[in-house]
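What follows is a single structure, written as structure tokens, with notes after it.
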Amino acid sequence: MPSQEYVDKWVKPFYLTNLVYKYCTFESCFRQIAAEIDDQLITELLTQRNWRPRITAAYFVAIKRMAHHCDHIGKLLLRSDLCYAGSGYALALARINTPSLLITSKNTFTIICVAQIWHLIKRTYLVQ
């Protein structure tokens, strides 16, 4: 179980303020810690048994385009063992959207669904 200080820094400012809802709050908090986000942190967040750290990690992967985490995120998306985190996983996979995701992954159907979700998000929230 992570400490409250860890949660307050890496999770709490991001899981209810995301890339669409309350973006300015998200961006402000993100700028303060962006330089400290590394692979170890992403792995720690993705392996916690809670949707809040996982969705936060997915947002960080999407923003920083940390493509090497896509395999892990893809497996979590297929497993779907926690509620709410899937939207973050879909966003991260769609944002990175590299051809290698289709070639190296057996999850072609998932990638296609992710692309459709991303287009829906863009159409609904970003293009107005």
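Every chain in the structure tokens has a letter given in the order shown (A, B, ...), and although residue numbers restart at 1 in each chain, ligands are simply numbered from 1 in the order shown.
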
Please list as a list in words every residue within 8 Å of A:Ile73, counting only C-alpha atoms and excluding residues in the same chain fewer than 4 positions away.
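Using only C-alpha atoms, the neighbours found are Leu46, Ala58, His69, Leu77, Tyr89 and Leu93 of chain A.
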
Selection to disk with N, CA and C atoms, as a short mmCIF file (atom, residue, chain, number, x, y, z; two decimals), in the first residue's frame:
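After the write, result08.cif holds the following:
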```
data_model
loop_
_atom_site.label_atom_id
_atom_site.label_comp_id
_atom_site.auth_asym_id
_atom_site.auth_seq_id
_atom_site.Cartn_x
_atom_site.Cartn_y
_atom_site.Cartn_z
N LEU A 46 1.15 1.24 -12.52
CA LEU A 46 0.38 0.24 -13.27
C LEU A 46 0.21 -1.07 -12.52
N ALA A 58 -1.56 5.71 -17.08
CA ALA A 58 -1.94 5.72 -18.49
C ALA A 58 -1.93 7.14 -19.06
N HIS A 69 5.65 1.13 -22.73
CA HIS A 69 4.68 0.64 -21.74
C HIS A 69 3.39 0.13 -22.39
N LEU A 77 -5.70 -3.62 -20.35
CA LEU A 77 -6.97 -3.29 -21.01
C LEU A 77 -7.77 -4.56 -21.31
N TYR A 89 -6.32 3.56 -20.37
CA TYR A 89 -5.54 2.63 -21.20
C TYR A 89 -5.81 2.91 -22.68
N LEU A 93 -3.01 4.05 -25.51
CA LEU A 93 -2.74 3.26 -26.72
C LEU A 93 -3.07 4.03 -27.98
#
```

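Of all the residues in stretch 50-85 of chain A, the ones DSSP labels as helix (DSSP H, G or I) from the backbone are Trp51, Arg52, Pro53, Arg54, Ile55, Thr56, Ala57, Ala58, Tyr59, Phe60, Val61, Ala62, Ile63, Lys64, Ala67, His68, His69, Cys70, Asp71, His72, Ile73, Gly74, Lys75, Leu76, Leu77, Leu78, Arg79 and Ala85 of chain A.
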
Do you have the atom CA of A:Thr56-atom CA of A:Ala94 distance handy?
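Computing the Euclidean distance for atom CA of A:Thr56 and atom CA of A:Ala94 yields 15.6 Å.
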
Residue with smallest distance to A:Pro53 - pool A:Ala35, A:Pro2, A:Ser28, A:Ala90, counting only C-alpha atoms:
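Residue with the minimum atom-to-atom distance to A:Pro53: A:Pro2.
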